[in-house]
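K.L.:
Would you mind keeping the following structure in view while I ask a few things?
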Amino acid sequence: MQRKSTSKPRVGQALAAALARILYPVFRIVLRNNMSFKAFLDIAKRAYVEVAANEFHIPGKKQSISRIALLSGLTRKDVQRLLEAPAATDSDAGERYNRAARVVAGWVRDAEFSDAAGKPRALALQDSELPNQATFADLVRRFSGDIPFRAVLDELLRVGVVEKLGDSTVELKTRAYVPESGDADMLTILGTDVADLVATIDHNLQRGGNDPFFQRKVMYDNVPVEALEEFRRLSNAQAQTLLERLDKWLSQHDRDTHPGTSGTGRVRTGIGIYYFEEDMTSQNSKDSQS
């Protein structure tokens, strides 16, 4: 008797378990920010329809409402409504984050804005007392385009990345731009960084055997609480050093920071590092009670 394949059910179970684990932290954020399940469901439906419309068409054929409905399990009426509805975007927050992050990264890596030891130096806001010494306005102009430098300064002051020294000088306090907790810009990071990680995993699920993207983590699950503070310091310092080194290399190949760079196409690329911890004591208690 021929045995039936069990691969599909196993894949379905694994996918359901994976989605549940992803949604738990997502729903914590959703509930904390007072979004109803109906609002979340509408967003999920629209994303489902857009992916089906844009990425699952039959080669050589125009994607139809009927095929999208078949793929998504939604009615043709729902598909039509969702495709016509305006998309939920926060382009202002995304642009603000990108501009501020580029300015801080440029301040850290560009020798013109560093002291003799290679550390980011305090900058005159607009008019330097020393001849030919670059200012904060020059920094913003180089790495953030035509936006007024005072708008960038206000944002960096707001989140504590920089500090004013008197009325005409500003100093970098942290080597990375991180928006305030609970800020709309932090939710923008949720949308970009989580999407990038999931896209990398999706790539490796499909083509990881022949063309894998780098995807690694180091993790132990029986570490004492007393060791966490030291590990946080160690991981923060080493991760920041690595990211700054990679940022410097990428900036030399980016046409926005080096307009003379030759080559074809336009690709967004990078690498992300994230810290995590989970209290396993409560988890072990749940396991022992089950």
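Residue names in the structure tokens use chain letters A, B, ... in the order shown, residue numbers from 1 in each chain, and ligand numbers from 1 in the order shown.
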Pick out each residue of segment 25-142 of chain A that DSSP on the backbone tags as helix (DSSP H, G or I); I need them as a compact mmCIF listing (two decimals) with N, CA, C and O atoms, in the first residue's frame.
P.N.:
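Saved file part-v2.txt follows:
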# COMPACT_ATOMS: atom_id res chain seq x y z
N PRO A 25 3.98 39.08 19.82
CA PRO A 25 4.57 40.40 20.07
C PRO A 25 3.93 41.50 19.23
O PRO A 25 3.84 42.65 19.67
N VAL A 26 3.46 41.16 18.01
CA VAL A 26 2.79 42.16 17.18
C VAL A 26 1.50 42.62 17.86
O VAL A 26 1.21 43.82 17.94
N PHE A 27 0.73 41.67 18.39
CA PHE A 27 -0.54 42.03 19.02
C PHE A 27 -0.34 42.79 20.34
O PHE A 27 -1.19 43.57 20.75
N ARG A 28 0.79 42.56 21.02
CA ARG A 28 1.07 43.38 22.21
C ARG A 28 1.16 44.85 21.80
O ARG A 28 0.64 45.74 22.48
N ILE A 29 1.87 45.10 20.69
CA ILE A 29 2.02 46.48 20.21
C ILE A 29 0.68 47.03 19.72
O ILE A 29 0.31 48.17 20.01
N VAL A 30 -0.07 46.20 19.00
CA VAL A 30 -1.37 46.61 18.47
C VAL A 30 -2.33 46.99 19.59
O VAL A 30 -2.96 48.06 19.57
N LEU A 31 -2.44 46.13 20.62
CA LEU A 31 -3.35 46.40 21.73
C LEU A 31 -2.89 47.59 22.57
O LEU A 31 -3.71 48.39 23.03
N ARG A 32 -1.58 47.71 22.76
CA ARG A 32 -1.05 48.82 23.54
C ARG A 32 -1.34 50.16 22.87
O ARG A 32 -1.46 51.19 23.53
N PHE A 37 -9.29 44.78 16.62
CA PHE A 37 -9.02 43.62 15.77
C PHE A 37 -9.59 43.85 14.37
O PHE A 37 -9.00 43.42 13.38
N LYS A 38 -10.74 44.55 14.28
CA LYS A 38 -11.32 44.82 12.97
C LYS A 38 -10.37 45.66 12.12
O LYS A 38 -10.19 45.40 10.93
N ALA A 39 -9.75 46.68 12.74
CA ALA A 39 -8.81 47.51 11.99
C ALA A 39 -7.61 46.68 11.54
O ALA A 39 -7.14 46.82 10.41
N PHE A 40 -7.10 45.83 12.45
CA PHE A 40 -5.99 44.95 12.09
C PHE A 40 -6.40 44.02 10.94
O PHE A 40 -5.63 43.79 10.00
N LEU A 41 -7.61 43.47 11.03
CA LEU A 41 -8.08 42.54 10.01
C LEU A 41 -8.18 43.21 8.65
O LEU A 41 -7.84 42.61 7.62
N ASP A 42 -8.63 44.45 8.62
CA ASP A 42 -8.73 45.18 7.35
C ASP A 42 -7.33 45.36 6.72
O ASP A 42 -7.16 45.23 5.51
N ILE A 43 -6.34 45.67 7.57
CA ILE A 43 -4.96 45.81 7.08
C ILE A 43 -4.45 44.48 6.54
O ILE A 43 -3.82 44.41 5.48
N ALA A 44 -4.72 43.39 7.29
CA ALA A 44 -4.28 42.06 6.87
C ALA A 44 -4.93 41.67 5.55
O ALA A 44 -4.26 41.12 4.66
N LYS A 45 -6.20 41.94 5.40
CA LYS A 45 -6.90 41.61 4.15
C LYS A 45 -6.30 42.37 2.97
O LYS A 45 -6.08 41.80 1.90
N ARG A 46 -6.05 43.66 3.19
CA ARG A 46 -5.48 44.46 2.09
C ARG A 46 -4.11 43.94 1.68
O ARG A 46 -3.80 43.82 0.49
N ALA A 47 -3.26 43.63 2.69
CA ALA A 47 -1.93 43.11 2.38
C ALA A 47 -2.04 41.77 1.64
O ALA A 47 -1.29 41.52 0.69
N TYR A 48 -2.95 40.92 2.08
CA TYR A 48 -3.17 39.63 1.43
C TYR A 48 -3.51 39.82 -0.04
O TYR A 48 -2.95 39.16 -0.93
N VAL A 49 -4.43 40.75 -0.29
CA VAL A 49 -4.89 41.00 -1.66
C VAL A 49 -3.77 41.60 -2.50
O VAL A 49 -3.57 41.21 -3.66
N GLU A 50 -3.01 42.55 -1.94
CA GLU A 50 -1.94 43.19 -2.72
C GLU A 50 -0.83 42.21 -3.08
O GLU A 50 -0.30 42.25 -4.19
N VAL A 51 -0.48 41.32 -2.15
CA VAL A 51 0.55 40.32 -2.46
C VAL A 51 0.04 39.37 -3.54
O VAL A 51 0.77 39.03 -4.48
N ALA A 52 -1.21 38.93 -3.41
CA ALA A 52 -1.78 38.04 -4.42
C ALA A 52 -1.83 38.73 -5.78
O ALA A 52 -1.54 38.11 -6.82
N ALA A 53 -2.16 40.03 -5.79
CA ALA A 53 -2.28 40.76 -7.05
C ALA A 53 -0.92 41.00 -7.71
O ALA A 53 -0.79 40.88 -8.93
N ASN A 54 0.09 41.31 -6.90
CA ASN A 54 1.37 41.74 -7.45
C ASN A 54 2.38 40.62 -7.65
O ASN A 54 3.28 40.74 -8.49
N GLU A 55 2.27 39.53 -6.89
CA GLU A 55 3.33 38.53 -6.89
C GLU A 55 2.89 37.11 -7.26
O GLU A 55 3.73 36.23 -7.39
N ILE A 65 -9.45 39.98 -10.87
CA ILE A 65 -10.13 40.01 -9.57
C ILE A 65 -10.53 38.61 -9.15
O ILE A 65 -10.40 38.22 -7.98
N SER A 66 -10.99 37.81 -10.11
CA SER A 66 -11.42 36.45 -9.80
C SER A 66 -10.26 35.60 -9.29
O SER A 66 -10.42 34.83 -8.33
N ARG A 67 -9.09 35.72 -9.91
CA ARG A 67 -7.94 34.92 -9.46
C ARG A 67 -7.48 35.37 -8.08
O ARG A 67 -7.13 34.54 -7.23
N ILE A 68 -7.48 36.67 -7.83
CA ILE A 68 -7.10 37.16 -6.50
C ILE A 68 -8.06 36.64 -5.45
O ILE A 68 -7.66 36.24 -4.35
N ALA A 69 -9.36 36.65 -5.77
CA ALA A 69 -10.36 36.13 -4.85
C ALA A 69 -10.12 34.64 -4.58
O ALA A 69 -10.23 34.17 -3.44
N LEU A 70 -9.77 33.89 -5.62
CA LEU A 70 -9.50 32.47 -5.46
C LEU A 70 -8.29 32.23 -4.57
O LEU A 70 -8.30 31.37 -3.67
N LEU A 71 -7.24 32.98 -4.80
CA LEU A 71 -6.01 32.82 -4.01
C LEU A 71 -6.21 33.22 -2.55
O LEU A 71 -5.69 32.57 -1.64
N SER A 72 -6.95 34.29 -2.33
CA SER A 72 -7.07 34.85 -0.98
C SER A 72 -8.21 34.27 -0.17
O SER A 72 -8.21 34.37 1.06
N ARG A 76 -15.06 38.45 -4.51
CA ARG A 76 -14.64 39.39 -5.55
C ARG A 76 -14.96 40.82 -5.14
O ARG A 76 -14.19 41.75 -5.42
N LYS A 77 -16.09 41.01 -4.46
CA LYS A 77 -16.49 42.34 -4.00
C LYS A 77 -15.48 42.88 -2.99
O LYS A 77 -15.09 44.05 -3.06
N ASP A 78 -15.06 42.03 -2.05
CA ASP A 78 -14.06 42.45 -1.06
C ASP A 78 -12.73 42.80 -1.74
O ASP A 78 -12.07 43.78 -1.38
N VAL A 79 -12.30 41.97 -2.69
CA VAL A 79 -11.05 42.21 -3.40
C VAL A 79 -11.09 43.55 -4.11
O VAL A 79 -10.15 44.35 -4.02
N GLN A 80 -12.19 43.82 -4.83
CA GLN A 80 -12.33 45.08 -5.55
C GLN A 80 -12.28 46.27 -4.58
O GLN A 80 -11.59 47.27 -4.83
N ARG A 81 -12.98 46.15 -3.45
CA ARG A 81 -13.01 47.24 -2.46
C ARG A 81 -11.62 47.50 -1.89
O ARG A 81 -11.19 48.65 -1.75
N LEU A 82 -10.91 46.44 -1.56
CA LEU A 82 -9.60 46.58 -0.94
C LEU A 82 -8.57 47.16 -1.91
O LEU A 82 -7.70 47.95 -1.52
N LEU A 83 -8.66 46.78 -3.18
CA LEU A 83 -7.74 47.31 -4.18
C LEU A 83 -7.97 48.79 -4.43
O LEU A 83 -7.03 49.52 -4.79
N GLU A 84 -9.19 49.25 -4.26
CA GLU A 84 -9.52 50.65 -4.52
C GLU A 84 -9.33 51.54 -3.30
O GLU A 84 -9.28 52.77 -3.43
N SER A 91 4.55 58.24 5.38
CA SER A 91 5.79 58.54 4.67
C SER A 91 6.61 59.61 5.39
O SER A 91 7.83 59.61 5.32
N ASP A 92 5.92 60.52 6.10
CA ASP A 92 6.64 61.57 6.82
C ASP A 92 7.54 60.98 7.90
O ASP A 92 8.70 61.37 8.06
N ALA A 93 7.00 60.01 8.67
CA ALA A 93 7.79 59.38 9.73
C ALA A 93 8.97 58.61 9.14
O ALA A 93 10.09 58.66 9.66
N GLY A 94 8.72 57.90 8.05
CA GLY A 94 9.80 57.15 7.41
C GLY A 94 10.89 58.05 6.88
O GLY A 94 12.08 57.78 7.05
N GLU A 95 10.50 59.16 6.25
CA GLU A 95 11.48 60.09 5.71
C GLU A 95 12.26 60.77 6.83
O GLU A 95 13.48 60.96 6.74
N ARG A 96 11.56 61.13 7.91
CA ARG A 96 12.22 61.77 9.05
C ARG A 96 13.25 60.84 9.66
O ARG A 96 14.37 61.25 9.98
N TYR A 97 12.88 59.57 9.82
CA TYR A 97 13.80 58.60 10.39
C TYR A 97 15.02 58.42 9.49
O TYR A 97 16.17 58.42 9.96
N ASN A 98 14.80 58.26 8.20
CA ASN A 98 15.91 58.02 7.28
C ASN A 98 16.87 59.20 7.23
O ASN A 98 18.10 59.03 7.23
N ARG A 99 16.34 60.42 7.19
CA ARG A 99 17.19 61.60 7.13
C ARG A 99 18.03 61.73 8.40
O ARG A 99 19.24 61.97 8.35
N ALA A 100 17.38 61.59 9.57
CA ALA A 100 18.10 61.73 10.83
C ALA A 100 19.16 60.64 10.98
O ALA A 100 20.28 60.91 11.44
N ALA A 101 18.83 59.41 10.61
CA ALA A 101 19.78 58.31 10.73
C ALA A 101 20.99 58.53 9.82
O ALA A 101 22.13 58.24 10.20
N ARG A 102 20.76 59.05 8.62
CA ARG A 102 21.87 59.30 7.69
C ARG A 102 22.80 60.39 8.23
O ARG A 102 24.02 60.30 8.09
N VAL A 103 22.23 61.42 8.84
CA VAL A 103 23.04 62.49 9.39
C VAL A 103 23.93 61.98 10.51
O VAL A 103 25.13 62.27 10.56
N VAL A 104 23.37 61.18 11.44
CA VAL A 104 24.16 60.65 12.54
C VAL A 104 25.24 59.71 12.02
O VAL A 104 26.40 59.76 12.45
N ALA A 105 24.89 58.84 11.07
CA ALA A 105 25.88 57.91 10.51
C ALA A 105 27.01 58.68 9.81
O ALA A 105 28.19 58.32 9.94
N GLY A 106 26.66 59.73 9.09
CA GLY A 106 27.70 60.52 8.42
C GLY A 106 28.61 61.22 9.41
O GLY A 106 29.82 61.32 9.19
N TRP A 107 28.05 61.70 10.51
CA TRP A 107 28.83 62.35 11.56
C TRP A 107 29.84 61.38 12.16
O TRP A 107 30.97 61.73 12.46
N VAL A 108 29.45 60.12 12.29
CA VAL A 108 30.32 59.10 12.89
C VAL A 108 31.43 58.66 11.95
O VAL A 108 32.57 58.47 12.36
N ARG A 109 31.12 58.53 10.64
CA ARG A 109 32.08 57.90 9.73
C ARG A 109 32.91 58.87 8.90
O ARG A 109 33.98 58.51 8.42
N ALA A 111 35.41 61.59 7.98
CA ALA A 111 36.58 62.18 8.63
C ALA A 111 36.50 63.70 8.72
O ALA A 111 37.09 64.31 9.61
N GLU A 112 35.76 64.32 7.83
CA GLU A 112 35.66 65.78 7.84
C GLU A 112 34.94 66.30 9.09
O GLU A 112 35.09 67.48 9.46
N PHE A 113 34.16 65.42 9.74
CA PHE A 113 33.41 65.83 10.92
C PHE A 113 33.97 65.18 12.19
O PHE A 113 33.29 65.10 13.20
N PHE A 136 27.67 71.84 11.34
CA PHE A 136 26.50 70.98 11.39
C PHE A 136 25.61 71.20 10.16
O PHE A 136 25.05 70.25 9.61
N ALA A 137 25.51 72.43 9.72
CA ALA A 137 24.74 72.71 8.50
C ALA A 137 25.35 71.99 7.30
O ALA A 137 24.63 71.46 6.44
N ASP A 138 26.68 71.94 7.22
CA ASP A 138 27.36 71.21 6.14
C ASP A 138 27.05 69.73 6.23
O ASP A 138 26.83 69.05 5.21
N LEU A 139 27.05 69.19 7.45
CA LEU A 139 26.76 67.78 7.68
C LEU A 139 25.36 67.43 7.17
O LEU A 139 25.18 66.44 6.44
N VAL A 140 24.39 68.25 7.54
CA VAL A 140 23.01 67.99 7.13
C VAL A 140 22.88 68.11 5.62
O VAL A 140 22.22 67.29 4.96
N ARG A 141 23.52 69.12 5.05
CA ARG A 141 23.45 69.31 3.60
C ARG A 141 24.02 68.11 2.85
O ARG A 141 23.49 67.67 1.83
N ARG A 142 25.11 67.54 3.38
CA ARG A 142 25.77 66.42 2.70
C ARG A 142 24.97 65.12 2.82
O ARG A 142 24.90 64.34 1.86
K.L.:
Using only C-alpha atoms, I'd like a table of the residues in segment 199-288 of chain A that come within 12 Å of segment 167-175 of chain A; for each, show the closest atom pair and its distance in Å rounded to one decimal, ordered by chain and ascending number, as a Markdown table.
P.N.:
| residue | atom | partner | partner_atom | distance |
| --- | --- | --- | --- | --- |
| A:Asn236 | CA | A:Arg175 | CA | 11.3 |
| A:Ala237 | CA | A:Arg175 | CA | 10.7 |
| A:Ala239 | CA | A:Arg175 | CA | 11.9 |
| A:Gln240 | CA | A:Arg175 | CA | 8.2 |
| A:Thr241 | CA | A:Arg175 | CA | 10.0 |
| A:Leu243 | CA | A:Arg175 | CA | 10.7 |
| A:Glu244 | CA | A:Arg175 | CA | 9.0 |
K.L.:
Counting only C-alpha atoms, which of A:Asp196, A:Glu226, A:Asp254, A:Asp127 gets nearest to Gly272 of chain A?
P.N.:
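Among the listed residues, the smallest separation from Gly272 of chain A belongs to A:Asp196.
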K.L.:
Using backbone DSSP assignments, extract all strand (DSSP E or B) residues from segment 121-235 of chain A; output them as a list in words.
P.N.:
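Result set for segment 121-235 of chain A (strand (DSSP E or B)): Leu123, Ala124, Val162, Glu163, Lys164, Leu165, Thr169, Val170, Glu171 and Leu172 of chain A.
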K.L.:
Using only C-alpha atoms, find the one residue out of A:Leu228, A:Arg245, A:Leu125, A:Pro259 that sits nearest to Tyr275 of chain A.
P.N.:
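Looking only at the distances to Tyr275 of chain A, the closest residue turns out to be A:Leu228.
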K.L.:
Report as number ranges by chain all protein, DNA and RNA residues lying within 12 Å of Ile201 of chain A, evaluated on only C-alpha atoms, omitting residues in the same chain fewer than 6 positions from it.
P.N.:
A: 18, 194-195, 207-208, 212-216
K.L.:
Using only C-alpha atoms, find the one residue out of A:Ile147, A:Leu197, A:Pro86, A:Val161 that sits nearest to Ile22 of chain A.
P.N.:
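Using only C-alpha atoms, the shortest distance to Ile22 of chain A belongs to A:Leu197.
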K.L.:
Just how far from atom CA of Pro179 of chain A is atom CA of Asn33 of chain A, in Å to one decimal?
P.N.:
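Separation between atom CA of Asn33 of chain A and atom CA of Pro179 of chain A: 16.7 Å.
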